[in-house]
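To start, the structure itself, in structure tokens.
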Amino acid sequence: MQKEVKNFEFHNPTKIVFGKDQIQSISNLIPKDKKILITYGGGSVQRFGTLDRVRKALADHTFGEFGGIEANPTFETCMRAVELIKNEQFDFILAVGGGSVIDGSKFIAAAAEFTGDPINIFAKGIGSGEAIKSALPLGTILTLPATGSEMNSGAVITFKEKKAKVGFGSPFVYPLFSILEPELTYTLPKRQLANGITDSFVHIIEQYLTYPVGGARVQDGFAESLLRTLIDIGPEVVKEDNHDYSIRADFMWTATLALNRLLSTGVPGDWSTHALGHEITALNHTDHARTLSAILPAVMMVRREQKFDKLVQYAENVWGITDGSTEVKVDTAILKTAAFLKSLDMPVTLKEIDVKSDDIDYLIEQLDIHGNTQISERGDQTLAVSRAIYEKAL
Ligand code: NZQ
Ligand code: ZN
């Protein structure tokens with residue numbers, strides 16, 4: 001167990017272009033001699049006019065398009081884009097969409113330059129986990145604040161046949177730039193707005209709710225401020241007709257900062273809620289954030305003892321709970337967390353996302369196959385502990 005902040009290097013190369021009417025700036029951000037492949041998802045960017053704005057901004061560039069990257073992007077679909085890139089010599093990728101389109105595009109960018117079989121970009125029971133040595137340059141236009149993918153170097157890909165969802169990371173897949181226009185969130189339905197608040201919330205929790213270490217006041221204070229922001233704006237954000245620019249601007253920037261690695265510099269990280277959640281999405285396609293909200297309260301309850309000091313700090317500094325013993329503060333903070341998620345119409349039990357006690361054996365088997373047998377901030381979350389969490393969450 002570390003006592004103080006570990007040595008770290010921090011370098012985040014992604015340029016953020018934030019605000020109103022920023023899509024047009026891609027005409028200067030992408031060199032004119034690049035052949036651009038615009039990647040997008042199931043059609044929201046066509047329906048709401050974003051793709052037309054992108055085409056207009058690229059009037060003096062050469063570009064092609066690849067649509068159909070699904071929510072929870074699949075290896076199979078992304079490999080079709082890789083083929084297109086190789087056949088038509090595209091040398092820049094512009095991802096327009098949410099985390100799924102951006103994640104898929106990160107994989108496409110890496111696979112297009114990978115010398116062996118791209119399956120080997122992945123480890124954890126899927127491939128051999130070879131290091132990536134280069135990737136095509138990638139820019140993004142974010143339409144859904146949630147994952148932080150627009151300013152980080154990770155991506156999560158789904159393998160349909162293997163029913164697996166596995167991530168990879170490489171400094172080569174940091175986006176060169178990301179356009180953050182808060183007004184692009186105005187077309188999001190309530191479910192996706194709630195997903196975005198929840199995913200960001202849990203990203204911060206994974207990096208913060210561990211155990212205290214010296215020299216990390218900045219990381220802690222920063223995390224607490226982002227959590228309080230999400231608690232404040234959450235109820236307003238999920239009103240889909242409330243097109244309040246300031247609220248959506250807070251939402252978008254918070255979601256990006258929640259997972260651009262600033263919070264995790266030199267401190268322990270948990271990520272067990274994500275590990276347990278990914279197995280559920282691979283099993284029954286539940287939205288990523290909905291798996292997290294269904295598991296998080298159970299993680300707090302089952303891991304209460306290991307996380308106790310940080311839970312007290314969370315109760316005091318995030319929820320403002322000052323009365324009562326530390327035990328009472330922790331109880332109240334856990335109840336408030338679940339109530340907050342519920343108020344966004346997020347599930348807080350597995351029952352609500354169609355996971356039954358009979359499914360737990362399968363989920364545990366998958367955690368085992370994917371090497372998630374000693375997870376969480378101390379590496380002490382064995383399969384038995386994960387089972388206890390799934391059972392508590394039922
Ligand atoms: O596909 P289209 O038609 O574009 O519709 C999408 C999709 O159906 C829609 N949408 C996006 N922007 C919209 C919009 N609808 C209306 N207006 C807009 N402005 O929303 C639906 C969900 O989109 P998706 O991209 O799947 O959601 P999200 O951003 O939550 O991404 C989830 C994926 O990211 C991964 C998750 O595992 C999941 O696969 N994650 C990536 C991370 C990372 N790279 O760091 C970390 C996260 O923990 C997460 O694991
Ligand atoms: Zn997440």
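Letters for chains follow the order of the structure tokens (A, B, ...), residue numbers begin at 1 for each chain, and ligand numbers begin at 1 in the order shown.
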
Interface rows for chain A against ligand 1: nearest pair, Å to one decimal, 7 Å, only C-alpha atoms and all ligand atoms, as a tab-separated table:
```
residue	atom	partner	partner_atom_place_in_ligand_line	distance
A:Tyr40	CA	ligand 1	4 (O)	6.5
A:Gly41	CA	ligand 1	1 (O)	3.7
A:Gly42	CA	ligand 1	3 (O)	3.4
A:Gly43	CA	ligand 1	3 (O)	3.9
A:Ser44	CA	ligand 1	3 (O)	3.7
A:Val45	CA	ligand 1	4 (O)	5.8
A:Ile69	CA	ligand 1	1 (O)	6.7
A:Glu70	CA	ligand 1	1 (O)	5.7
A:Ala71	CA	ligand 1	26 (O)	3.6
A:Asn72	CA	ligand 1	39 (O)	3.6
A:Pro73	CA	ligand 1	39 (O)	6.1
A:Gly97	CA	ligand 1	12 (N)	5.4
A:Gly98	CA	ligand 1	25 (O)	3.4
A:Gly99	CA	ligand 1	29 (O)	3.5
A:Ser100	CA	ligand 1	25 (O)	3.7
A:Val101	CA	ligand 1	25 (O)	5.7
A:Asp103	CA	ligand 1	44 (N)	5.4
A:Thr143	CA	ligand 1	19 (N)	4.2
A:Leu144	CA	ligand 1	12 (N)	4.6
A:Pro145	CA	ligand 1	29 (O)	6.3
A:Ala146	CA	ligand 1	29 (O)	5.2
A:Thr147	CA	ligand 1	47 (C)	4.4
A:Gly148	CA	ligand 1	45 (O)	5.3
A:Ser149	CA	ligand 1	44 (N)	3.9
A:Asn152	CA	ligand 1	45 (O)	6.1
A:Gly154	CA	ligand 1	44 (N)	4.6
A:Ala155	CA	ligand 1	44 (N)	3.9
A:Val156	CA	ligand 1	37 (O)	5.4
A:Ile157	CA	ligand 1	39 (O)	6.6
A:Leu184	CA	ligand 1	19 (N)	5.2
A:Thr185	CA	ligand 1	19 (N)	4.8
A:Tyr186	CA	ligand 1	19 (N)	6.7
A:Thr187	CA	ligand 1	17 (N)	4.2
A:Leu188	CA	ligand 1	17 (N)	3.8
A:Pro189	CA	ligand 1	16 (C)	6.2
A:Gln192	CA	ligand 1	20 (O)	5.9
A:Asn195	CA	ligand 1	30 (O)	6.4
A:Gly196	CA	ligand 1	30 (O)	6.1
A:Asp199	CA	ligand 1	48 (O)	6.6
A:His203	CA	ligand 1	48 (O)	6.7
A:Leu259	CA	ligand 1	45 (O)	6.7
A:His274	CA	ligand 1	48 (O)	6.6
A:His278	CA	ligand 1	37 (O)	6.8
A:His288	CA	ligand 1	36 (C)	5.3
A:Ala289	CA	ligand 1	30 (O)	6.8
```

(request) Please identify all polymer residues within 9 Å of Gly129 of chain A, counting only C-alpha atoms, omitting same-chain residues fewer than 4 positions from it, and present them as a list in words. (result)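 Using only C-alpha atoms, the neighbours found are Ile119, Asn120, Ile121, Phe122, Ala123, Lys124 and Phe168 of chain A.
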
(message) For the alpha helix (DSSP H) assignment from backbone DSSP, which residues of segment 154-274 of chain A qualify? Please present them as a ChimeraX atom specification.
(response) /A:190-208,217-237,245-258,272-274

Give me every strand (DSSP E) residue in segment 84-288 of chain A, going by DSSP on the backbone, as a CSV table (one decimal) with C-alpha atoms, in the first residue's frame.
```csv
chain,number,residue,atom,x,y,z
A,92,PHE,CA,-6.4,11.2,-41.0
A,93,ILE,CA,-9.4,10.1,-39.0
A,94,LEU,CA,-12.1,12.6,-37.8
A,95,ALA,CA,-14.4,10.9,-35.3
A,96,VAL,CA,-17.8,12.6,-34.9
A,97,GLY,CA,-19.9,11.2,-32.0
A,138,LEU,CA,-7.1,11.4,-35.0
A,139,GLY,CA,-9.3,14.4,-34.3
A,140,THR,CA,-12.7,14.3,-32.6
A,141,ILE,CA,-16.0,16.2,-32.4
A,142,LEU,CA,-17.7,15.1,-29.2
A,154,GLY,CA,-7.9,4.5,-23.8
A,155,ALA,CA,-10.6,2.7,-25.7
A,156,VAL,CA,-13.0,-0.2,-25.1
A,157,ILE,CA,-13.9,-2.6,-27.9
A,158,THR,CA,-16.6,-5.3,-28.0
A,159,PHE,CA,-15.9,-8.8,-29.5
A,164,ALA,CA,-16.2,-9.8,-24.4
A,165,LYS,CA,-15.6,-6.2,-23.9
A,166,VAL,CA,-11.9,-5.4,-23.5
A,167,GLY,CA,-9.9,-2.1,-23.4
A,168,PHE,CA,-6.5,-1.1,-24.7
A,169,GLY,CA,-4.5,2.1,-24.2
A,177,PHE,CA,-7.7,17.8,-30.9
A,178,SER,CA,-11.2,17.5,-29.7
A,179,ILE,CA,-14.0,20.0,-30.4
A,180,LEU,CA,-16.3,20.5,-27.4
```

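Nearest to Thr291 of chain A of all the residues A:Thr210, A:Thr349, A:Ser264, A:Thr254 is A:Thr349, counting only C-alpha atoms.
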
(request) Rank nothing, just name the residue among A:Lys329, A:His370, A:Lys239, A:Arg378 nearest to Lys162 of chain A, using only C-alpha atoms. (result)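 The answer is A:His370, which sits nearest to Lys162 of chain A.
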
(message) Applying 12 Å and only C-alpha atoms, which residues near segment 379-389 of chain A remain after dropping the ones on its own chain fewer than 3 positions away? List them as a PyMOL selection string.
(response) chain A and resi 1+210+268-277+279+294-304+306+349-350+357-376+392-394

Let's have the selection written as a compact mmCIF listing (two decimals), in the first residue's frame, with N, CA and C atoms.
```
# COMPACT_ATOMS: atom_id res chain seq x y z
N MET A 1 0.85 -1.21 0.00
CA MET A 1 0.00 0.00 0.00
C MET A 1 0.88 1.25 0.00
N THR A 210 -10.54 5.54 -2.79
CA THR A 210 -9.61 4.42 -2.59
C THR A 210 -9.12 4.48 -1.15
N PRO A 268 -3.53 5.88 -6.00
CA PRO A 268 -4.10 4.57 -6.33
C PRO A 268 -5.43 4.72 -7.06
N GLY A 269 -5.78 3.70 -7.87
CA GLY A 269 -7.06 3.73 -8.59
C GLY A 269 -7.80 2.42 -8.36
N ASP A 270 -9.12 2.47 -8.45
CA ASP A 270 -9.92 1.27 -8.18
C ASP A 270 -10.29 0.56 -9.49
N TRP A 271 -11.24 1.09 -10.23
CA TRP A 271 -11.72 0.58 -11.52
C TRP A 271 -12.45 -0.75 -11.43
N SER A 272 -12.85 -1.17 -10.20
CA SER A 272 -13.57 -2.44 -10.12
C SER A 272 -15.02 -2.31 -10.57
N THR A 273 -15.64 -1.14 -10.34
CA THR A 273 -17.02 -0.97 -10.82
C THR A 273 -17.04 -1.12 -12.34
N HIS A 274 -16.04 -0.55 -13.01
CA HIS A 274 -15.97 -0.68 -14.47
C HIS A 274 -15.73 -2.13 -14.89
N ALA A 275 -14.82 -2.81 -14.21
CA ALA A 275 -14.52 -4.20 -14.59
C ALA A 275 -15.78 -5.07 -14.47
N LEU A 276 -16.50 -4.90 -13.36
CA LEU A 276 -17.71 -5.71 -13.16
C LEU A 276 -18.82 -5.29 -14.14
N GLY A 277 -18.86 -4.01 -14.44
CA GLY A 277 -19.88 -3.49 -15.36
C GLY A 277 -19.67 -3.96 -16.79
N GLU A 279 -18.57 -6.65 -17.94
CA GLU A 279 -19.04 -8.03 -18.16
C GLU A 279 -20.55 -8.07 -18.36
N ALA A 294 -25.74 0.47 -11.30
CA ALA A 294 -26.32 -0.70 -10.65
C ALA A 294 -25.32 -1.35 -9.69
N ILE A 295 -24.04 -1.12 -9.91
CA ILE A 295 -23.02 -1.79 -9.09
C ILE A 295 -22.42 -0.89 -8.02
N LEU A 296 -22.31 0.41 -8.31
CA LEU A 296 -21.56 1.29 -7.40
C LEU A 296 -22.02 1.25 -5.93
N PRO A 297 -23.34 1.34 -5.64
CA PRO A 297 -23.72 1.31 -4.22
C PRO A 297 -23.24 0.02 -3.53
N ALA A 298 -23.30 -1.11 -4.25
CA ALA A 298 -22.85 -2.38 -3.66
C ALA A 298 -21.34 -2.37 -3.43
N VAL A 299 -20.59 -1.74 -4.33
CA VAL A 299 -19.13 -1.63 -4.12
C VAL A 299 -18.87 -0.86 -2.83
N MET A 300 -19.59 0.24 -2.64
CA MET A 300 -19.38 1.04 -1.44
C MET A 300 -19.73 0.24 -0.17
N MET A 301 -20.78 -0.57 -0.25
CA MET A 301 -21.18 -1.34 0.93
C MET A 301 -20.21 -2.49 1.22
N VAL A 302 -19.88 -3.26 0.17
CA VAL A 302 -19.03 -4.43 0.39
C VAL A 302 -17.60 -4.01 0.72
N ARG A 303 -17.13 -2.89 0.17
CA ARG A 303 -15.74 -2.46 0.36
C ARG A 303 -15.63 -1.34 1.39
N ARG A 304 -16.67 -1.21 2.20
CA ARG A 304 -16.75 -0.13 3.19
C ARG A 304 -15.51 -0.07 4.10
N GLN A 306 -12.40 -1.33 3.63
CA GLN A 306 -11.17 -0.99 2.91
C GLN A 306 -11.15 0.49 2.50
N THR A 349 -29.86 -1.31 -8.89
CA THR A 349 -29.77 -2.75 -8.58
C THR A 349 -29.63 -3.52 -9.90
N LEU A 350 -29.12 -4.74 -9.80
CA LEU A 350 -28.95 -5.56 -11.01
C LEU A 350 -30.29 -6.01 -11.59
N SER A 357 -29.69 -13.79 -10.29
CA SER A 357 -28.65 -14.48 -9.50
C SER A 357 -28.03 -15.62 -10.30
N ASP A 358 -28.81 -16.22 -11.21
CA ASP A 358 -28.28 -17.31 -12.05
C ASP A 358 -27.16 -16.84 -12.98
N ASP A 359 -27.12 -15.54 -13.27
CA ASP A 359 -26.11 -15.01 -14.20
C ASP A 359 -24.75 -14.81 -13.52
N ILE A 360 -24.73 -14.81 -12.20
CA ILE A 360 -23.49 -14.40 -11.50
C ILE A 360 -22.33 -15.36 -11.78
N ASP A 361 -22.62 -16.66 -11.84
CA ASP A 361 -21.54 -17.63 -12.12
C ASP A 361 -20.86 -17.28 -13.45
N TYR A 362 -21.68 -16.96 -14.45
CA TYR A 362 -21.14 -16.62 -15.77
C TYR A 362 -20.29 -15.34 -15.70
N LEU A 363 -20.81 -14.33 -14.99
CA LEU A 363 -20.07 -13.06 -14.90
C LEU A 363 -18.72 -13.27 -14.22
N ILE A 364 -18.70 -14.09 -13.19
CA ILE A 364 -17.45 -14.36 -12.47
C ILE A 364 -16.47 -15.12 -13.37
N GLU A 365 -17.00 -16.07 -14.12
CA GLU A 365 -16.16 -16.83 -15.06
C GLU A 365 -15.50 -15.87 -16.07
N GLN A 366 -16.28 -14.91 -16.55
CA GLN A 366 -15.75 -13.95 -17.53
C GLN A 366 -14.69 -13.05 -16.90
N LEU A 367 -14.92 -12.63 -15.66
CA LEU A 367 -13.89 -11.82 -14.97
C LEU A 367 -12.59 -12.61 -14.90
N ASP A 368 -12.71 -13.90 -14.63
CA ASP A 368 -11.55 -14.79 -14.53
C ASP A 368 -10.84 -14.87 -15.88
N ILE A 369 -11.61 -15.12 -16.94
CA ILE A 369 -11.02 -15.23 -18.29
C ILE A 369 -10.29 -13.93 -18.67
N HIS A 370 -10.85 -12.80 -18.25
CA HIS A 370 -10.25 -11.51 -18.64
C HIS A 370 -9.19 -11.04 -17.64
N GLY A 371 -8.78 -11.94 -16.76
CA GLY A 371 -7.66 -11.63 -15.87
C GLY A 371 -8.01 -10.68 -14.74
N ASN A 372 -9.30 -10.49 -14.46
CA ASN A 372 -9.69 -9.57 -13.40
C ASN A 372 -9.89 -10.32 -12.07
N THR A 373 -8.81 -10.91 -11.61
CA THR A 373 -8.92 -11.75 -10.41
C THR A 373 -8.32 -11.07 -9.17
N GLN A 374 -7.57 -10.01 -9.37
CA GLN A 374 -6.98 -9.28 -8.24
C GLN A 374 -7.04 -7.80 -8.55
N ILE A 375 -8.24 -7.23 -8.42
CA ILE A 375 -8.42 -5.85 -8.88
C ILE A 375 -8.61 -4.90 -7.69
N SER A 376 -8.98 -3.67 -7.99
CA SER A 376 -9.20 -2.62 -6.99
C SER A 376 -7.87 -2.04 -6.52
N LYS A 392 -24.66 -8.56 -3.60
CA LYS A 392 -25.20 -7.42 -2.86
C LYS A 392 -26.04 -6.52 -3.78
N ALA A 393 -25.64 -6.45 -5.05
CA ALA A 393 -26.30 -5.53 -5.99
C ALA A 393 -27.61 -6.08 -6.55
N LEU A 394 -27.90 -7.35 -6.29
CA LEU A 394 -29.07 -8.00 -6.95
C LEU A 394 -30.39 -7.26 -6.76
```

Skipping near chain neighbours, those fewer than 4 positions away, what residues fall within 7 Å of Ser134 of chain A using only C-alpha atoms, listed as a tab-separated table (two decimals) with N, CA and C atoms, in the first residue's frame?
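Final output, around.tsv:
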```tsv
chain	number	residue	atom	x	y	z
A	110	ALA	N	-5.14	2.80	-34.70
A	110	ALA	CA	-4.01	1.95	-34.31
A	110	ALA	C	-3.91	0.74	-35.24
A	113	GLU	N	-2.24	0.96	-38.75
A	113	GLU	CA	-0.77	1.05	-38.81
A	113	GLU	C	-0.09	-0.16	-38.18
A	172	PHE	N	-0.21	6.71	-28.40
A	172	PHE	CA	-0.37	7.06	-29.82
A	172	PHE	C	-1.82	7.36	-30.20
```

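Distances here use only C-alpha atoms; by that measure, the residue among A:Glu305, A:Asp60, A:Asp52, A:Asp250 closest to Lys32 of chain A is A:Asp60.
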
(request) Using only C-alpha atoms and all ligand atoms, pick whichever of A:Leu51, A:Ala255, A:Val237, A:Met151 has the shortest atom-to-atom distance to ligand 2. (result)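 Among the listed residues, the smallest separation from ligand 2 belongs to A:Ala255.
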
(request) Could you check which of A:Val348, A:Ile197, A:Ile204, A:Leu37 is closest to Phe251 of chain A, using only C-alpha atoms? (result)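 Ranking A:Val348, A:Ile197, A:Ile204, A:Leu37 by distance to Phe251 of chain A, first place goes to A:Ile197.
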
(request) Work out how far apart atom CA of Ala339 of chain A and atom CA of Glu183 of chain A are and give it in Å to one decimal. (result) 28.4 Å

(message) Ranking A:Asp309, A:Asp287, A:Glu76, A:Glu181 by minimum distance to ligand 2 and counting only C-alpha atoms and all ligand atoms, which one comes first?
(response)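 Of the candidates, the smallest distance to ligand 2 is held by A:Asp287.
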
(request) Fewer than 5 positions away in the same chain doesn't count, so skip those; otherwise give me all residues within 10 Å of Asp345 of chain A, counting only C-alpha atoms, as an NGL selection string. (result) :A and (190-191 or 194-195 or 238 or 290 or 339-340)

(message) Residues near Val330 of chain A, anyone? I mean within 12 Å using only C-alpha atoms, not counting same-chain ones fewer than 4 positions away, as number ranges by chain.
(response) A: 297, 300-301, 303-305, 307-326, 334-337

What does the file look like for those residues with N, CA and C atoms, as a PDB file, in the first residue's frame?
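Okay, selection-v7.pdb is ready:
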```
ATOM      1  N   PRO A 297     -23.342   1.344  -5.638  1.00  0.00           N
ATOM      2  CA  PRO A 297     -23.719   1.308  -4.215  1.00  0.00           C
ATOM      3  C   PRO A 297     -23.238   0.022  -3.526  1.00  0.00           C
ATOM      4  N   MET A 300     -19.591   0.236  -2.644  1.00  0.00           N
ATOM      5  CA  MET A 300     -19.381   1.041  -1.435  1.00  0.00           C
ATOM      6  C   MET A 300     -19.733   0.237  -0.173  1.00  0.00           C
ATOM      7  N   MET A 301     -20.780  -0.570  -0.254  1.00  0.00           N
ATOM      8  CA  MET A 301     -21.184  -1.345   0.933  1.00  0.00           C
ATOM      9  C   MET A 301     -20.215  -2.487   1.220  1.00  0.00           C
ATOM     10  N   ARG A 303     -17.132  -2.893   0.167  1.00  0.00           N
ATOM     11  CA  ARG A 303     -15.744  -2.460   0.356  1.00  0.00           C
ATOM     12  C   ARG A 303     -15.628  -1.343   1.393  1.00  0.00           C
ATOM     13  N   ARG A 304     -16.670  -1.205   2.200  1.00  0.00           N
ATOM     14  CA  ARG A 304     -16.746  -0.130   3.189  1.00  0.00           C
ATOM     15  C   ARG A 304     -15.509  -0.071   4.095  1.00  0.00           C
ATOM     16  N   GLU A 305     -15.079  -1.232   4.574  1.00  0.00           N
ATOM     17  CA  GLU A 305     -13.958  -1.261   5.515  1.00  0.00           C
ATOM     18  C   GLU A 305     -12.660  -0.801   4.832  1.00  0.00           C
ATOM     19  N   LYS A 307     -12.338   1.024   2.228  1.00  0.00           N
ATOM     20  CA  LYS A 307     -12.429   2.393   1.712  1.00  0.00           C
ATOM     21  C   LYS A 307     -12.852   3.379   2.797  1.00  0.00           C
ATOM     22  N   PHE A 308     -12.851   2.930   4.047  1.00  0.00           N
ATOM     23  CA  PHE A 308     -13.522   3.708   5.095  1.00  0.00           C
ATOM     24  C   PHE A 308     -13.022   5.160   5.209  1.00  0.00           C
ATOM     25  N   ASP A 309     -11.702   5.350   5.250  1.00  0.00           N
ATOM     26  CA  ASP A 309     -11.181   6.720   5.450  1.00  0.00           C
ATOM     27  C   ASP A 309     -11.616   7.646   4.313  1.00  0.00           C
ATOM     28  N   LYS A 310     -11.558   7.100   3.109  1.00  0.00           N
ATOM     29  CA  LYS A 310     -11.953   7.928   1.959  1.00  0.00           C
ATOM     30  C   LYS A 310     -13.475   8.133   1.924  1.00  0.00           C
ATOM     31  N   LEU A 311     -14.227   7.126   2.402  1.00  0.00           N
ATOM     32  CA  LEU A 311     -15.687   7.292   2.451  1.00  0.00           C
ATOM     33  C   LEU A 311     -16.077   8.422   3.407  1.00  0.00           C
ATOM     34  N   VAL A 312     -15.339   8.530   4.518  1.00  0.00           N
ATOM     35  CA  VAL A 312     -15.620   9.614   5.479  1.00  0.00           C
ATOM     36  C   VAL A 312     -15.324  10.961   4.799  1.00  0.00           C
ATOM     37  N   GLN A 313     -14.178  11.030   4.143  1.00  0.00           N
ATOM     38  CA  GLN A 313     -13.791  12.267   3.445  1.00  0.00           C
ATOM     39  C   GLN A 313     -14.820  12.639   2.360  1.00  0.00           C
ATOM     40  N   TYR A 314     -15.288  11.614   1.658  1.00  0.00           N
ATOM     41  CA  TYR A 314     -16.316  11.799   0.610  1.00  0.00           C
ATOM     42  C   TYR A 314     -17.612  12.338   1.233  1.00  0.00           C
ATOM     43  N   ALA A 315     -17.987  11.746   2.377  1.00  0.00           N
ATOM     44  CA  ALA A 315     -19.218  12.191   3.055  1.00  0.00           C
ATOM     45  C   ALA A 315     -19.107  13.670   3.438  1.00  0.00           C
ATOM     46  N   GLU A 316     -17.967  14.038   4.005  1.00  0.00           N
ATOM     47  CA  GLU A 316     -17.809  15.409   4.510  1.00  0.00           C
ATOM     48  C   GLU A 316     -17.634  16.418   3.375  1.00  0.00           C
ATOM     49  N   ASN A 317     -16.711  16.118   2.463  1.00  0.00           N
ATOM     50  CA  ASN A 317     -16.327  17.129   1.466  1.00  0.00           C
ATOM     51  C   ASN A 317     -17.200  17.155   0.217  1.00  0.00           C
ATOM     52  N   VAL A 318     -17.844  16.032  -0.077  1.00  0.00           N
ATOM     53  CA  VAL A 318     -18.681  16.021  -1.287  1.00  0.00           C
ATOM     54  C   VAL A 318     -20.154  16.245  -0.908  1.00  0.00           C
ATOM     55  N   TRP A 319     -20.613  15.533   0.127  1.00  0.00           N
ATOM     56  CA  TRP A 319     -22.029  15.634   0.503  1.00  0.00           C
ATOM     57  C   TRP A 319     -22.274  16.636   1.628  1.00  0.00           C
ATOM     58  N   GLY A 320     -21.203  17.178   2.206  1.00  0.00           N
ATOM     59  CA  GLY A 320     -21.361  18.176   3.268  1.00  0.00           C
ATOM     60  C   GLY A 320     -21.973  17.609   4.542  1.00  0.00           C
ATOM     61  N   ILE A 321     -21.734  16.319   4.816  1.00  0.00           N
ATOM     62  CA  ILE A 321     -22.306  15.693   6.022  1.00  0.00           C
ATOM     63  C   ILE A 321     -21.346  15.930   7.185  1.00  0.00           C
ATOM     64  N   THR A 322     -21.773  16.729   8.148  1.00  0.00           N
ATOM     65  CA  THR A 322     -20.861  17.080   9.249  1.00  0.00           C
ATOM     66  C   THR A 322     -21.306  16.484  10.579  1.00  0.00           C
ATOM     67  N   ASP A 323     -22.577  16.058  10.661  1.00  0.00           N
ATOM     68  CA  ASP A 323     -23.088  15.549  11.946  1.00  0.00           C
ATOM     69  C   ASP A 323     -22.903  14.040  12.071  1.00  0.00           C
ATOM     70  N   GLY A 324     -22.789  13.592  13.322  1.00  0.00           N
ATOM     71  CA  GLY A 324     -22.790  12.155  13.594  1.00  0.00           C
ATOM     72  C   GLY A 324     -21.401  11.552  13.589  1.00  0.00           C
ATOM     73  N   SER A 325     -21.380  10.263  13.944  1.00  0.00           N
ATOM     74  CA  SER A 325     -20.107   9.530  13.989  1.00  0.00           C
ATOM     75  C   SER A 325     -19.631   9.275  12.558  1.00  0.00           C
ATOM     76  N   THR A 326     -18.391   8.816  12.435  1.00  0.00           N
ATOM     77  CA  THR A 326     -17.892   8.509  11.092  1.00  0.00           C
ATOM     78  C   THR A 326     -18.745   7.404  10.453  1.00  0.00           C
ATOM     79  N   ILE A 334     -23.476   6.840   1.473  1.00  0.00           N
ATOM     80  CA  ILE A 334     -23.837   5.747   0.550  1.00  0.00           C
ATOM     81  C   ILE A 334     -25.306   5.881   0.141  1.00  0.00           C
ATOM     82  N   LEU A 335     -26.163   6.190   1.135  1.00  0.00           N
ATOM     83  CA  LEU A 335     -27.589   6.372   0.811  1.00  0.00           C
ATOM     84  C   LEU A 335     -27.798   7.538  -0.154  1.00  0.00           C
ATOM     85  N   LYS A 336     -27.057   8.619   0.075  1.00  0.00           N
ATOM     86  CA  LYS A 336     -27.212   9.800  -0.785  1.00  0.00           C
ATOM     87  C   LYS A 336     -26.720   9.508  -2.204  1.00  0.00           C
ATOM     88  N   THR A 337     -25.670   8.718  -2.303  1.00  0.00           N
ATOM     89  CA  THR A 337     -25.155   8.367  -3.634  1.00  0.00           C
ATOM     90  C   THR A 337     -26.220   7.607  -4.424  1.00  0.00           C
TER      91      THR A 337
END
```
